[in-house]
Structure formats: C-alpha cells, structure tokens
Amino acid sequence: MSHSETAVVIPAAGSGERLGVGIPKALVEVGGRTLIERAAQNLSSLAADIVIAAPAGYEDNFREIFAQTKISSHVTVITGGSTRSQSVANALKALPLTTKYVLIHDAARAFAPADLAESILVQLSSGENAVVPALDVVDTIKEVDERGYVIQTPKRDSLRAVQTPQGFTFDKITAAHASGADATDDAALVAALGVPVRVVPGSPLARKITTLEDLTWAQELVGK
C-alpha cells in the first residue's frame, strides 16, 4: 500500500467551549506543543497530504504552527465550516483527485498512535470501504427521555465507543458528504449510504481531550 495515495483530514474548527480555555481547543498546548501539531505529526508518516480545517480567523495561527515543522510542505490549512461535517466537506474538496484513502481525525485525540491508523489502512487496502476504531463499553448505558426517565438499557456487549482516526475510501467519504447532511461521526454518514462500516480495536491513547480532566490526563501522559 502506497502512503502517497493516503490523505489525512483534521476538522479543527471547534471553539472548545467545554474545555473553557478561551482559545480554539486545537491550539491548546500540552508539553509545549499544540494539540493540532501533535495530531498531525502522529499521522504524518502515513499520508502524503494533510488538510486542516481551522476556525475562521485563525487560519494564519495554524499555518505558523506548521511553518517550522518538517511536514510543512504536506500541510494545507483551509477555513472550516460552522459544523464538523461542513469542515470535513470543505477539506475533502482540497484533496488531490489521486487520493485513494482518507483518514479523518480529531485534533482533540492528539495522542492517537500511528499504529492505530496503520491498522485502519490495512483494512482499507484489503477491500473495506469504511473502518473505525472503537473500545468496548465498560459502563452500563441507559437511553433516557427528555424528562430524565430511562427508556431502555441496551446490552453493552454489542456497544462500542468509537474513536478517530476513521478511515474511508475517497469515493465513499466524498459521496457521503455530498449530501450536506450533518453528523458527529463521519462513519454515520457513510453508513447512511448503505456502506458497511468495519470496527477495529481502538486505543486508550486516542482519548478525546474535552474537559479539564482530560487535559490533566494529557499533561500527565507527557510528563508535564
């Protein structure tokens, strides 16, 4: 499998309000490096092109981060949309038509290891069209109505907590976003087309940095 046919898309236009640090989450530093730099660097060896969707008004901030890195020539920064799906759709339009596989990754999962992405690419090269990493659910999950009452309790042995990077063939993910539909998860848009989505084992390191507790975990991980 040639990595020259693989691209990484990172929708990083979110404000990070839940983190409460006053700047876009992707620009938060852990151990002296921003989350967006860590996320891109971790996957850079697997892709020829990296397209980052930045918050409007912060594009130059993102470009400056990568200007001094070894992967600067592979990184393109575009303006993200008002939703995650719009940001991904914008980024897909910036990819070369020679792209065969696309890894879509959250900047907030900046510590996801390269071997996790590699396992996804192996599945794509073997014929899968959509592959997502996921962890087993260890807590009992309740479905609750708008009044706060339990509707049902799904069996957790069939539930998975999905992570990123998620991998797709270029044609399938492009078709999925052509509809203009919105979702918090790209695999949901692809599945809506009737495309089977393969699940592979995820990684505890692909934890999403959403709260200050998550940020503390990341700081402890890097020892700072």
# chains A, B, ... in the order shown; residues from 1 in each chain; ligands from 1
>>> select_by_dssp(residues="range 7-188 of chain A", states="strand (DSSP E)", output="PyMOL selection string")
chain A and resi 7-11+29-30+33-34+49-54+75-79+101-104+130-136+143-144+150-152+160-162+166-169
>>> residues_around(residues="Val200 in chain A", least_positions_apart="3", cutoff="10 Å", atoms="only C-alpha atoms", output="list in words")
Leu116, Ser119, Ile120, Gln123, Val131, Val132, Pro133, Ala134, Leu135, Val162, Val197 and Ser203 of chain A
>>> write_last_selection(atoms="N, CA and C atoms", output="short mmCIF file (atom, residue, chain, number, x, y, z; two decimals), in the first residue's frame")
data_model
loop_
_atom_site.label_atom_id
_atom_site.label_comp_id
_atom_site.auth_asym_id
_atom_site.auth_seq_id
_atom_site.Cartn_x
_atom_site.Cartn_y
_atom_site.Cartn_z
N LEU A 116 -2.36 2.75 15.28
CA LEU A 116 -3.82 2.65 15.21
C LEU A 116 -4.28 3.01 13.80
N SER A 119 -3.41 0.25 11.32
CA SER A 119 -4.33 -0.89 11.32
C SER A 119 -5.58 -0.61 10.51
N ILE A 120 -5.98 0.65 10.47
CA ILE A 120 -7.15 1.04 9.68
C ILE A 120 -6.82 1.01 8.19
N GLN A 123 -6.89 -2.46 6.73
CA GLN A 123 -8.25 -2.91 6.43
C GLN A 123 -8.76 -2.30 5.12
N VAL A 131 -13.73 2.13 7.93
CA VAL A 131 -13.16 1.43 9.09
C VAL A 131 -13.04 2.43 10.25
N VAL A 132 -13.54 2.03 11.42
CA VAL A 132 -13.46 2.90 12.60
C VAL A 132 -12.85 2.14 13.77
N PRO A 133 -12.04 2.81 14.59
CA PRO A 133 -11.52 2.19 15.81
C PRO A 133 -12.52 2.41 16.94
N ALA A 134 -12.60 1.45 17.85
CA ALA A 134 -13.54 1.59 18.96
C ALA A 134 -13.10 0.77 20.15
N LEU A 135 -13.52 1.20 21.33
CA LEU A 135 -13.25 0.49 22.57
C LEU A 135 -14.53 -0.16 23.08
N VAL A 162 -16.73 4.77 19.88
CA VAL A 162 -15.98 5.00 18.64
C VAL A 162 -14.98 6.14 18.80
N VAL A 197 -19.61 -0.64 7.72
CA VAL A 197 -18.53 0.00 8.46
C VAL A 197 -17.86 -1.05 9.35
N SER A 203 -7.72 2.48 20.84
CA SER A 203 -6.58 2.65 21.73
C SER A 203 -6.94 3.60 22.87
#
>>> closest_residue(among="A:Gln163, A:Ser87, A:Gln219, A:Asn129", to="Val190 in chain A", atoms="only C-alpha atoms")
A:Asn129
>>> residues_around(residues="Ala206 in chain A", least_positions_apart="6", cutoff="8 Å", atoms="only C-alpha atoms", output="ChimeraX atom specification")
/A:109-113,163-164
>>> closest_residue(among="A:Ile151, A:Ala89, A:Ala161, A:Ile104", to="Val138 in chain A", atoms="only C-alpha atoms")
A:Ala161
>>> residues_around(residues="Glu59 in chain A", least_positions_apart="2", cutoff="12 Å", atoms="only C-alpha atoms", output="ChimeraX atom specification")
/A:12-13,24,26-27,51-57,61-66,76-80
>>> write_last_selection(atoms="N, CA and C atoms", output="mmCIF file, in the first residue's frame")
data_model
loop_
_atom_site.group_PDB
_atom_site.id
_atom_site.type_symbol
_atom_site.label_atom_id
_atom_site.label_comp_id
_atom_site.auth_asym_id
_atom_site.auth_seq_id
_atom_site.Cartn_x
_atom_site.Cartn_y
_atom_site.Cartn_z
ATOM 1 N N ALA A 12 -10.725 20.974 12.672
ATOM 2 C CA ALA A 12 -10.297 21.568 13.937
ATOM 3 C C ALA A 12 -10.873 22.966 14.124
ATOM 4 N N ALA A 13 -12.096 23.152 13.638
ATOM 5 C CA ALA A 13 -12.699 24.486 13.684
ATOM 6 C C ALA A 13 -13.537 24.720 14.924
ATOM 7 N N PRO A 24 -9.391 28.304 20.589
ATOM 8 C CA PRO A 24 -9.787 27.041 19.968
ATOM 9 C C PRO A 24 -9.022 25.865 20.568
ATOM 10 N N ALA A 26 -7.840 23.152 19.503
ATOM 11 C CA ALA A 26 -6.692 22.623 18.760
ATOM 12 C C ALA A 26 -5.414 23.402 19.027
ATOM 13 N N LEU A 27 -5.545 24.641 19.536
ATOM 14 C CA LEU A 27 -4.371 25.469 19.804
ATOM 15 C C LEU A 27 -3.877 25.348 21.242
ATOM 16 N N VAL A 51 -4.826 17.934 5.375
ATOM 17 C CA VAL A 51 -5.645 19.144 5.241
ATOM 18 C C VAL A 51 -6.315 19.424 6.581
ATOM 19 N N ILE A 52 -6.099 20.624 7.097
ATOM 20 C CA ILE A 52 -6.631 21.020 8.394
ATOM 21 C C ILE A 52 -7.669 22.114 8.199
ATOM 22 N N ALA A 53 -8.862 21.904 8.758
ATOM 23 C CA ALA A 53 -9.916 22.911 8.710
ATOM 24 C C ALA A 53 -9.848 23.725 9.995
ATOM 25 N N ALA A 54 -9.420 24.969 9.882
ATOM 26 C CA ALA A 54 -9.206 25.827 11.046
ATOM 27 C C ALA A 54 -10.423 26.721 11.288
ATOM 28 N N PRO A 55 -10.565 27.240 12.505
ATOM 29 C CA PRO A 55 -11.647 28.196 12.775
ATOM 30 C C PRO A 55 -11.421 29.469 11.969
ATOM 31 N N ALA A 56 -12.493 30.046 11.484
ATOM 32 C CA ALA A 56 -12.381 31.295 10.720
ATOM 33 C C ALA A 56 -11.664 32.348 11.566
ATOM 34 N N GLY A 57 -10.650 32.973 10.970
ATOM 35 C CA GLY A 57 -9.887 33.993 11.679
ATOM 36 C C GLY A 57 -8.618 33.469 12.323
ATOM 37 N N ASN A 61 -2.742 31.426 12.289
ATOM 38 C CA ASN A 61 -2.180 30.832 13.508
ATOM 39 C C ASN A 61 -1.803 29.376 13.262
ATOM 40 N N PHE A 62 -2.668 28.674 12.574
ATOM 41 C CA PHE A 62 -2.407 27.270 12.273
ATOM 42 C C PHE A 62 -1.245 27.134 11.292
ATOM 43 N N ARG A 63 -1.210 28.000 10.286
ATOM 44 C CA ARG A 63 -0.124 27.933 9.304
ATOM 45 C C ARG A 63 1.230 28.196 9.962
ATOM 46 N N GLU A 64 1.259 29.129 10.902
ATOM 47 C CA GLU A 64 2.513 29.458 11.591
ATOM 48 C C GLU A 64 3.028 28.272 12.408
ATOM 49 N N ILE A 65 2.105 27.504 12.973
ATOM 50 C CA ILE A 65 2.494 26.341 13.779
ATOM 51 C C ILE A 65 3.292 25.348 12.935
ATOM 52 N N PHE A 66 2.827 25.150 11.699
ATOM 53 C CA PHE A 66 3.460 24.132 10.858
ATOM 54 C C PHE A 66 4.582 24.674 9.974
ATOM 55 N N THR A 76 -1.942 21.600 4.424
ATOM 56 C CA THR A 76 -2.741 22.689 3.858
ATOM 57 C C THR A 76 -3.783 23.095 4.892
ATOM 58 N N VAL A 77 -3.873 24.387 5.175
ATOM 59 C CA VAL A 77 -4.859 24.894 6.126
ATOM 60 C C VAL A 77 -5.959 25.617 5.365
ATOM 61 N N ILE A 78 -7.196 25.204 5.621
ATOM 62 C CA ILE A 78 -8.345 25.853 4.992
ATOM 63 C C ILE A 78 -9.271 26.389 6.085
ATOM 64 N N THR A 79 -10.289 27.106 5.683
ATOM 65 C CA THR A 79 -11.276 27.616 6.639
ATOM 66 C C THR A 79 -12.366 26.579 6.869
ATOM 67 N N GLY A 80 -12.581 26.258 8.121
ATOM 68 C CA GLY A 80 -13.594 25.273 8.467
ATOM 69 C C GLY A 80 -15.001 25.835 8.373
#
>>> closest_residue(among="A:Val28, A:Ile209, A:Ala67, A:Ala48", to="Thr98 in chain A", atoms="only C-alpha atoms")
A:Ala48
>>> atom_distance(atom1="CA of Leu159 in chain A", atom2="CA of Ala176 in chain A")
23.6 Å
>>> select_by_dssp(residues="range 79-218 of chain A", states="alpha helix (DSSP H)", output="ChimeraX atom specification")
/A:84-92,114-125,170-178,186-191,212-218
>>> closest_residue(among="A:Val144, A:Leu35, A:Ile23, A:Leu205", to="Leu221 in chain A", atoms="only C-alpha atoms")
A:Leu205
>>> closest_residue(among="A:Asp145, A:Ser85, A:Leu92, A:Gln41", to="Ser72 in chain A", atoms="only C-alpha atoms")
A:Gln41
>>> closest_residue(among="A:Thr184, A:Thr211, A:Ser125, A:Gln152", to="Pro11 in chain A", atoms="only C-alpha atoms")
A:Thr184
>>> atom_distance(atom1="CA of Asp214 in chain A", atom2="CA of Arg84 in chain A")
20.7 Å
>>> residues_around(residues="Ala114 in chain A", least_positions_apart="4", cutoff="9 Å", atoms="only C-alpha atoms", output="list of chain:residue names")
A:Asn42, A:Leu43, A:Ser44, A:Ser45, A:Leu46, A:Glu118, A:Ser119
>>> write_last_selection(atoms="N, CA and C atoms", output="mmCIF file, in the first residue's frame")
data_model
loop_
_atom_site.group_PDB
_atom_site.id
_atom_site.type_symbol
_atom_site.label_atom_id
_atom_site.label_comp_id
_atom_site.auth_asym_id
_atom_site.auth_seq_id
_atom_site.Cartn_x
_atom_site.Cartn_y
_atom_site.Cartn_z
ATOM 1 N N ASN A 42 1.605 12.863 14.429
ATOM 2 C CA ASN A 42 1.471 11.435 14.711
ATOM 3 C C ASN A 42 1.058 10.629 13.494
ATOM 4 N N LEU A 43 0.333 11.260 12.569
ATOM 5 C CA LEU A 43 -0.143 10.547 11.379
ATOM 6 C C LEU A 43 0.627 10.923 10.122
ATOM 7 N N SER A 44 1.582 11.823 10.244
ATOM 8 C CA SER A 44 2.252 12.370 9.059
ATOM 9 C C SER A 44 3.026 11.332 8.254
ATOM 10 N N SER A 45 3.517 10.284 8.916
ATOM 11 C CA SER A 45 4.299 9.279 8.195
ATOM 12 C C SER A 45 3.431 8.381 7.322
ATOM 13 N N LEU A 46 2.117 8.486 7.482
ATOM 14 C CA LEU A 46 1.203 7.598 6.762
ATOM 15 C C LEU A 46 0.504 8.274 5.595
ATOM 16 N N GLU A 118 -2.446 2.881 11.162
ATOM 17 C CA GLU A 118 -1.906 1.853 10.267
ATOM 18 C C GLU A 118 -2.842 0.650 10.190
ATOM 19 N N SER A 119 -3.411 0.246 11.321
ATOM 20 C CA SER A 119 -4.326 -0.894 11.322
ATOM 21 C C SER A 119 -5.575 -0.609 10.509
#
>>> atom_distance(atom1="CA of Gly167 in chain A", atom2="CA of Pro154 in chain A")
26.8 Å
